Amino acid sequence: MSAMHEWGVVGTADAIAKGEVSAEKVATLALDRLERMGPRFNAIMLITRDSALETARAVDQARARGERLGPLAGVPLAHKDLYYRAGRVCTGGSLIRKDFVPDTTSTALERLDAAGALDLGTLHLAELALSPTGFNAQYGHGLNPWNTAYGPGGSSSGSGAAVAARLVPAALGSDTAGSIRHPAGMCGITGIKPTHGLVPLYGAMPLAPSLDTLGPLATSARDAARILSVIGGPDPRDASSVNATVCDYETALTGDLAGLTIAVPQAYYREAATPEINALLDESLRVMTDAGARVIETAVPDMALINALIMLVMAVEGATLHRKALAERPQDIGAQVRARLMPGLSYPATRYAEALMMRGTIAREWLATAMGGADMVHIPTFAIPVPSIAETTQADFATVLGKLTHCTRGINYLGLPAVAVPCGFTGNGLPASFQLVGRPYGEDVLLRAADAYQQRTDFHKRIPPDCGAL
Amino acid sequence: MTEDDWTSRMRALNGVTLDAAQAAAARDVALGINATIEAGARERITLADAPWSFATLCASFSAPTTETKAKP
């Protein structure tokens with residue numbers, strides 16, 4: 001049997017439900033790993049040992065009484081430090097929020113609590129959730145467990161590092177332009193960015209509400225499915241979530257891809273990928289073809305326009321939310337973050353309105369062209385090998401950031417779901433990843449495909465060096 | 001618009017002070033994006049279309065696409 005830190009979400013929940021291990025023992029191990037190993041990757045903001053152990057004991061007592069346990073009972077989790085929990089500091093990775101104590105708890109955390117999950121604390125993120133690398137000028141850079149000379153990806157940097165290092169089996173992140181998919185891809189784990197509106201945003205620090213999405217990073221698609229099934233669904237406190245349809249996504253995991261078609265747009269996405277990334281992507285398609293999928297080649301619409309639209313919407317909404325701080329406390333916002341927000345203060349209102357009005361039209365164009373009647377689109381998560389921290393902090397950092405977000409950012413403007421899946425390693429020893437992008441509310445199809453791929457590969461099971469037993 | 005005009009406008013409308021380098025960088029990015037979207041909108045936005053139709057698009061896909069049980 002594998003070590004406890006390798007059990008994952010479903011394995012841990014099942015073991016606790018069967019009485020094979022106590023929730024308290026599971027929690028103690030995870031807390032010890034977070035405390036001893038988390039600082040090596042600058043993954044931790046706050047550990048809440050006492051409250052986590054108290055919840056774990058309550059799970060054990062409920063089981064002893066014969067009560068029915070929730071689907072995440074006793075599973076130790078920790079989350080990006082932008083989810084509000086009443087009475088707990090939530091920094092958003094920023095000095096301007098370092099003393100912020102919310103008086104409310106986010107819908108996502110409330111739903112995890114109700115499912116029996118343990119909340120072990122808060123995890124590092126890029127400043128104000130605005131960097132694809134894990135860069136944070138205020139709290140230090142996140143570090144990649146595979147090699148600490150490299151960033152873990154961002155902005156959900158601590159979530160990526162903590163799950164990859166098996167400190168916790170899963171963590172929530174947020175994704176406005178790739179912030180779940182970058183760390184999942186760069187750390188060699190699985191992350192799903194749901195359709196905009198599937199997971200309520202209430203109680204999570206916003207960056208750009210028209211684009212913001214919340215979702216899990218986990219080692220496997222099956223574990224991600226368990227968590228997404230819990231946190232998705234309508235919430236009267238977030239009107240954008242009201243019409244969302246949520247499933248028990250685990251029931252979609254059939255283990256094969258029979259009857260499904262995968263679209264592969266060559267232009268823009270594959271053209272930007274390096275030869276070694278393209279080779280890994282091709283191999284992943286071969287595996288999925290063996291699992292029953294049909295592959296077709298498609299094209300793309302005007303990607304320059306889609307990129308301009310996401311950059312405008314993110315900058316305008318982000319600058320609006322942080323304008324007071326930009327005006328009054330610019331010294332407390334890092335230069336990279338200021339540079340990305342500032343343009344948002346200068347666009348005419350008509351451009352912003354046009355960007356929102358065109359969203360449905362552009363999404364239909366992308367679905368018709370890139371998906372072309374298929375069930376999902378297969379593209380790189382990032383088209384280049386994971387860059388080093390030095391490469392992402394030098395003078396022309398914007399060029400590297402542009403390359404990193406090349407394949408992710410447009411998906412948020414389109415509002416579509418996407419899952420990032422590890423598919424091997426490049427020459428620098430860091431993970432590579434592909435994305436599957438679906439139709440609105442097509443998370444069931446994406447998770448089915450990712451799970452079928454993972455049943456035939458073991459990249460998602462690989463653990464970084466020196467992250468074994470304590 | 002000169003860089004000085006740009007900086008003055010940002011200060012007047014938003015209360016934000018930029019140095020010359022910040023202003024130049026922000027202006028270059030914003031002008032490029034502005035032009036791209038203006039051209040895209042000119043082709044796509046008409047009075048005949050309902051604005052903000054993303055929710056309508058989503059509604060057309062709201063049913064599960066595989067044999068998946070709805071969450072209880």
# chains A, B, ... in the order shown; residues from 1 in each chain; ligands from 1

$ interface_residues --of "chain A" --to "chain B" --cutoff "6 Å" --atoms "only C-alpha atoms" --output "list in words"
Cys247, Asp248, Thr251, Ala252, Ala308, Ala327, Pro343, Met357, Gly360 and Pro440 of chain A

$ write_last_selection --atoms "N, CA, C and O atoms" --output "PDB file, in the first residue's frame"
ATOM      1  N   CYS A 247     -23.015  18.547 -11.574  1.00  0.00           N
ATOM      2  CA  CYS A 247     -23.224  17.103 -11.547  1.00  0.00           C
ATOM      3  C   CYS A 247     -22.355  16.470 -10.470  1.00  0.00           C
ATOM      4  O   CYS A 247     -21.472  17.104  -9.908  1.00  0.00           O
ATOM      5  N   ASP A 248     -22.612  15.187 -10.217  1.00  0.00           N
ATOM      6  CA  ASP A 248     -21.643  14.370  -9.493  1.00  0.00           C
ATOM      7  C   ASP A 248     -20.651  13.907 -10.559  1.00  0.00           C
ATOM      8  O   ASP A 248     -20.894  12.944 -11.271  1.00  0.00           O
ATOM      9  N   THR A 251     -19.338  10.299 -11.509  1.00  0.00           N
ATOM     10  CA  THR A 251     -20.129   9.323 -12.261  1.00  0.00           C
ATOM     11  C   THR A 251     -19.844   9.401 -13.762  1.00  0.00           C
ATOM     12  O   THR A 251     -20.240   8.513 -14.516  1.00  0.00           O
ATOM     13  N   ALA A 252     -19.183  10.471 -14.201  1.00  0.00           N
ATOM     14  CA  ALA A 252     -18.852  10.610 -15.629  1.00  0.00           C
ATOM     15  C   ALA A 252     -17.565   9.884 -15.998  1.00  0.00           C
ATOM     16  O   ALA A 252     -17.231   9.750 -17.184  1.00  0.00           O
ATOM     17  N   ALA A 308      -6.597  40.754 -26.798  1.00  0.00           N
ATOM     18  CA  ALA A 308      -6.819  42.159 -26.435  1.00  0.00           C
ATOM     19  C   ALA A 308      -8.023  42.291 -25.510  1.00  0.00           C
ATOM     20  O   ALA A 308      -8.009  43.060 -24.544  1.00  0.00           O
ATOM     21  N   ALA A 327      -3.839  54.770  -6.042  1.00  0.00           N
ATOM     22  CA  ALA A 327      -3.728  56.214  -5.828  1.00  0.00           C
ATOM     23  C   ALA A 327      -3.059  56.548  -4.495  1.00  0.00           C
ATOM     24  O   ALA A 327      -2.247  57.469  -4.422  1.00  0.00           O
ATOM     25  N   PRO A 343      -2.792  50.262 -17.184  1.00  0.00           N
ATOM     26  CA  PRO A 343      -3.508  50.539 -18.442  1.00  0.00           C
ATOM     27  C   PRO A 343      -5.020  50.509 -18.268  1.00  0.00           C
ATOM     28  O   PRO A 343      -5.747  51.191 -18.989  1.00  0.00           O
ATOM     29  N   MET A 357     -19.954  43.288 -24.518  1.00  0.00           N
ATOM     30  CA  MET A 357     -21.019  42.991 -25.488  1.00  0.00           C
ATOM     31  C   MET A 357     -20.605  41.945 -26.508  1.00  0.00           C
ATOM     32  O   MET A 357     -21.427  41.174 -26.990  1.00  0.00           O
ATOM     33  N   GLY A 360     -20.330  36.958 -26.123  1.00  0.00           N
ATOM     34  CA  GLY A 360     -21.079  35.823 -26.666  1.00  0.00           C
ATOM     35  C   GLY A 360     -20.729  35.554 -28.117  1.00  0.00           C
ATOM     36  O   GLY A 360     -20.543  34.393 -28.531  1.00  0.00           O
ATOM     37  N   PRO A 440     -19.435  25.292 -22.571  1.00  0.00           N
ATOM     38  CA  PRO A 440     -19.950  25.717 -21.266  1.00  0.00           C
ATOM     39  C   PRO A 440     -20.608  24.547 -20.538  1.00  0.00           C
ATOM     40  O   PRO A 440     -21.402  23.805 -21.125  1.00  0.00           O
TER      41      PRO A 440
END

$ residues_around --residues "A:Leu321" --least-positions-apart "6" --cutoff "12 Å" --atoms "only C-alpha atoms" --output "list in words"
Leu128, Met205, Pro206, Leu207, Ala208, Pro209, Met314, Ala315, Ala327, Leu341, Met342, Gly344 and Leu345 of chain A

$ write_last_selection --atoms "N, CA and C atoms" --output "JSON list (two decimals), in the first residue's frame"
[["chain", "number", "residue", "atom", "x", "y", "z"],
["A", 128, "LEU", "N", -2.01, 39.90, -5.18],
["A", 128, "LEU", "CA", -3.34, 40.24, -5.69],
["A", 128, "LEU", "C", -3.82, 39.27, -6.78],
["A", 205, "MET", "N", -11.59, 36.84, -2.80],
["A", 205, "MET", "CA", -11.11, 38.15, -3.23],
["A", 205, "MET", "C", -11.12, 38.23, -4.75],
["A", 206, "PRO", "N", -11.81, 39.21, -5.32],
["A", 206, "PRO", "CA", -11.88, 39.29, -6.78],
["A", 206, "PRO", "C", -10.64, 39.90, -7.39],
["A", 207, "LEU", "N", -10.40, 39.56, -8.65],
["A", 207, "LEU", "CA", -9.43, 40.28, -9.47],
["A", 207, "LEU", "C", -10.18, 40.94, -10.63],
["A", 208, "ALA", "N", -10.96, 40.16, -11.35],
["A", 208, "ALA", "CA", -11.78, 40.68, -12.44],
["A", 208, "ALA", "C", -13.03, 39.80, -12.50],
["A", 209, "PRO", "N", -14.10, 40.19, -11.84],
["A", 209, "PRO", "CA", -15.26, 39.30, -11.65],
["A", 209, "PRO", "C", -15.86, 38.73, -12.94],
["A", 314, "MET", "N", -9.56, 42.41, -17.88],
["A", 314, "MET", "CA", -8.84, 42.15, -16.63],
["A", 314, "MET", "C", -8.24, 43.44, -16.08],
["A", 315, "ALA", "N", -7.65, 44.25, -16.94],
["A", 315, "ALA", "CA", -7.01, 45.48, -16.46],
["A", 315, "ALA", "C", -8.05, 46.48, -15.95],
["A", 327, "ALA", "N", -3.84, 54.77, -6.04],
["A", 327, "ALA", "CA", -3.73, 56.21, -5.83],
["A", 327, "ALA", "C", -3.06, 56.55, -4.50],
["A", 341, "LEU", "N", -1.89, 46.65, -14.02],
["A", 341, "LEU", "CA", -3.17, 47.28, -13.70],
["A", 341, "LEU", "C", -3.32, 48.65, -14.34],
["A", 342, "MET", "N", -2.23, 49.42, -14.41],
["A", 342, "MET", "CA", -2.31, 50.82, -14.82],
["A", 342, "MET", "C", -3.04, 51.06, -16.15],
["A", 344, "GLY", "N", -5.50, 49.77, -17.29],
["A", 344, "GLY", "CA", -6.93, 49.67, -17.08],
["A", 344, "GLY", "C", -7.60, 50.96, -16.67],
["A", 345, "LEU", "N", -6.82, 51.91, -16.21],
["A", 345, "LEU", "CA", -7.38, 53.20, -15.82],
["A", 345, "LEU", "C", -7.60, 54.13, -17.00]]

$ closest_residue --among "A:Pro71, A:Arg222, A:Ser159, A:Thr91" --to "A:Ala15" --atoms "only C-alpha atoms"
A:Pro71

$ residues_around --residues "A:Asp113" --least-positions-apart "4" --cutoff "12 Å" --atoms "only C-alpha atoms" --output "JSON, numbers by chain"
{"A": [52, 55, 56, 58, 59, 69, 70, 71, 72, 73, 74, 75, 76, 77, 78, 85, 105, 106, 107, 108, 109, 117, 118, 119, 120, 227, 230, 231]}

$ residues_around --residues "A:Arg166" --least-positions-apart "5" --cutoff "8 Å" --atoms "only C-alpha atoms" --output "list in words"
His5, Glu6, Ile463 and Cys467 of chain A

$ write_last_selection --atoms "all heavy atoms" --output "PDB file, in the first residue's frame"
ATOM      1  N   HIS A   5       0.539   9.993   2.481  1.00  0.00           N
ATOM      2  CA  HIS A   5       0.534  11.278   1.780  1.00  0.00           C
ATOM      3  C   HIS A   5       0.320  11.102   0.274  1.00  0.00           C
ATOM      4  O   HIS A   5       0.164  12.090  -0.440  1.00  0.00           O
ATOM      5  CB  HIS A   5       1.836  12.048   2.052  1.00  0.00           C
ATOM      6  CG  HIS A   5       3.068  11.372   1.558  1.00  0.00           C
ATOM      7  ND1 HIS A   5       3.806  10.500   2.323  1.00  0.00           N
ATOM      8  CD2 HIS A   5       3.709  11.444   0.375  1.00  0.00           C
ATOM      9  CE1 HIS A   5       4.839  10.065   1.644  1.00  0.00           C
ATOM     10  NE2 HIS A   5       4.808  10.613   0.443  1.00  0.00           N
ATOM     11  N   GLU A   6       0.286   9.867  -0.202  1.00  0.00           N
ATOM     12  CA  GLU A   6       0.049   9.599  -1.625  1.00  0.00           C
ATOM     13  C   GLU A   6      -1.380   9.134  -1.903  1.00  0.00           C
ATOM     14  O   GLU A   6      -1.719   8.813  -3.031  1.00  0.00           O
ATOM     15  CB  GLU A   6       1.035   8.535  -2.127  1.00  0.00           C
ATOM     16  CG  GLU A   6       2.504   8.933  -2.025  1.00  0.00           C
ATOM     17  CD  GLU A   6       3.429   7.821  -2.493  1.00  0.00           C
ATOM     18  OE1 GLU A   6       3.141   7.228  -3.552  1.00  0.00           O
ATOM     19  OE2 GLU A   6       4.414   7.537  -1.795  1.00  0.00           O
ATOM     20  N   ILE A 463       6.186  12.161  -7.936  1.00  0.00           N
ATOM     21  CA  ILE A 463       6.363  13.051  -6.784  1.00  0.00           C
ATOM     22  C   ILE A 463       7.749  13.705  -6.878  1.00  0.00           C
ATOM     23  O   ILE A 463       8.729  13.028  -7.186  1.00  0.00           O
ATOM     24  CB  ILE A 463       6.216  12.266  -5.470  1.00  0.00           C
ATOM     25  CG1 ILE A 463       4.796  11.670  -5.384  1.00  0.00           C
ATOM     26  CG2 ILE A 463       6.486  13.166  -4.268  1.00  0.00           C
ATOM     27  CD1 ILE A 463       4.553  10.835  -4.146  1.00  0.00           C
ATOM     28  N   CYS A 467      10.374  14.799  -1.541  1.00  0.00           N
ATOM     29  CA  CYS A 467       9.026  15.049  -1.022  1.00  0.00           C
ATOM     30  C   CYS A 467       8.364  13.743  -0.583  1.00  0.00           C
ATOM     31  O   CYS A 467       7.142  13.609  -0.607  1.00  0.00           O
ATOM     32  CB  CYS A 467       8.152  15.748  -2.066  1.00  0.00           C
ATOM     33  SG  CYS A 467       8.676  17.429  -2.417  1.00  0.00           S
TER      34      CYS A 467
END

$ closest_residue --among "A:Thr176, A:Ser229, A:Ser241, A:Thr457" --to "A:Ala115" --atoms "only C-alpha atoms"
A:Ser229

$ residues_around --residues "stretch 180-187 of chain A" --least-positions-apart "4" --cutoff "6 Å" --atoms "only C-alpha atoms" --output "CSV table (one decimal) with N, CA, C and O atoms, in the first residue's frame"
chain,number,residue,atom,x,y,z
A,152,PRO,N,6.6,28.0,-9.3
A,152,PRO,CA,5.6,27.0,-9.3
A,152,PRO,C,4.4,27.3,-10.2
A,152,PRO,O,3.5,26.5,-10.4
A,153,GLY,N,4.4,28.5,-10.8
A,153,GLY,CA,3.3,29.0,-11.6
A,153,GLY,C,2.3,29.7,-10.7
A,153,GLY,O,2.3,29.5,-9.4
A,154,GLY,N,1.6,30.6,-11.2
A,154,GLY,CA,0.7,31.4,-10.4
A,154,GLY,C,-0.6,31.7,-11.2
A,154,GLY,O,-0.7,31.4,-12.3
A,156,SER,N,-2.0,30.8,-8.3
A,156,SER,CA,-2.3,29.9,-7.2
A,156,SER,C,-1.0,29.1,-6.9
A,156,SER,O,-1.0,27.8,-6.9
A,157,SER,N,0.0,29.8,-6.6
A,157,SER,CA,1.4,29.2,-6.5
A,157,SER,C,1.5,28.2,-5.3
A,157,SER,O,2.0,27.1,-5.5
A,160,GLY,N,-0.4,25.0,-6.0
A,160,GLY,CA,0.3,24.1,-6.9
A,160,GLY,C,1.5,23.4,-6.2
A,160,GLY,O,1.6,22.1,-6.3
A,164,ALA,N,1.6,19.3,-5.3
A,164,ALA,CA,2.7,18.6,-5.9
A,164,ALA,C,3.6,17.9,-4.9
A,164,ALA,O,4.1,16.8,-5.1
A,173,GLY,N,-7.8,26.9,-5.8
A,173,GLY,CA,-7.1,28.1,-6.4
A,173,GLY,C,-8.2,29.0,-7.1
A,173,GLY,O,-9.4,28.8,-6.9
A,174,SER,N,-7.7,29.9,-7.8
A,174,SER,CA,-8.6,30.8,-8.6
A,174,SER,C,-8.0,31.0,-9.9
A,174,SER,O,-6.7,31.0,-10.0
A,175,ASP,N,-8.8,31.3,-10.9
A,175,ASP,CA,-8.2,31.4,-12.3
A,175,ASP,C,-8.9,32.5,-13.0
A,175,ASP,O,-10.1,32.4,-13.3
A,191,GLY,N,-5.5,20.5,-12.6
A,191,GLY,CA,-6.3,21.6,-12.1
A,191,GLY,C,-7.4,21.9,-13.1
A,191,GLY,O,-7.2,21.9,-14.3
A,420,ALA,N,-6.2,21.2,-16.8
A,420,ALA,CA,-4.8,21.1,-17.1
A,420,ALA,C,-4.3,19.7,-16.6
A,420,ALA,O,-4.6,19.4,-15.5
A,431,PRO,N,7.8,19.8,-15.3
A,431,PRO,CA,6.6,19.2,-16.0
A,431,PRO,C,6.1,19.9,-17.2
A,431,PRO,O,6.3,21.1,-17.3
A,433,SER,N,2.4,20.1,-19.7
A,433,SER,CA,1.0,19.9,-19.5
A,433,SER,C,0.2,20.2,-20.7
A,433,SER,O,0.5,21.1,-21.5
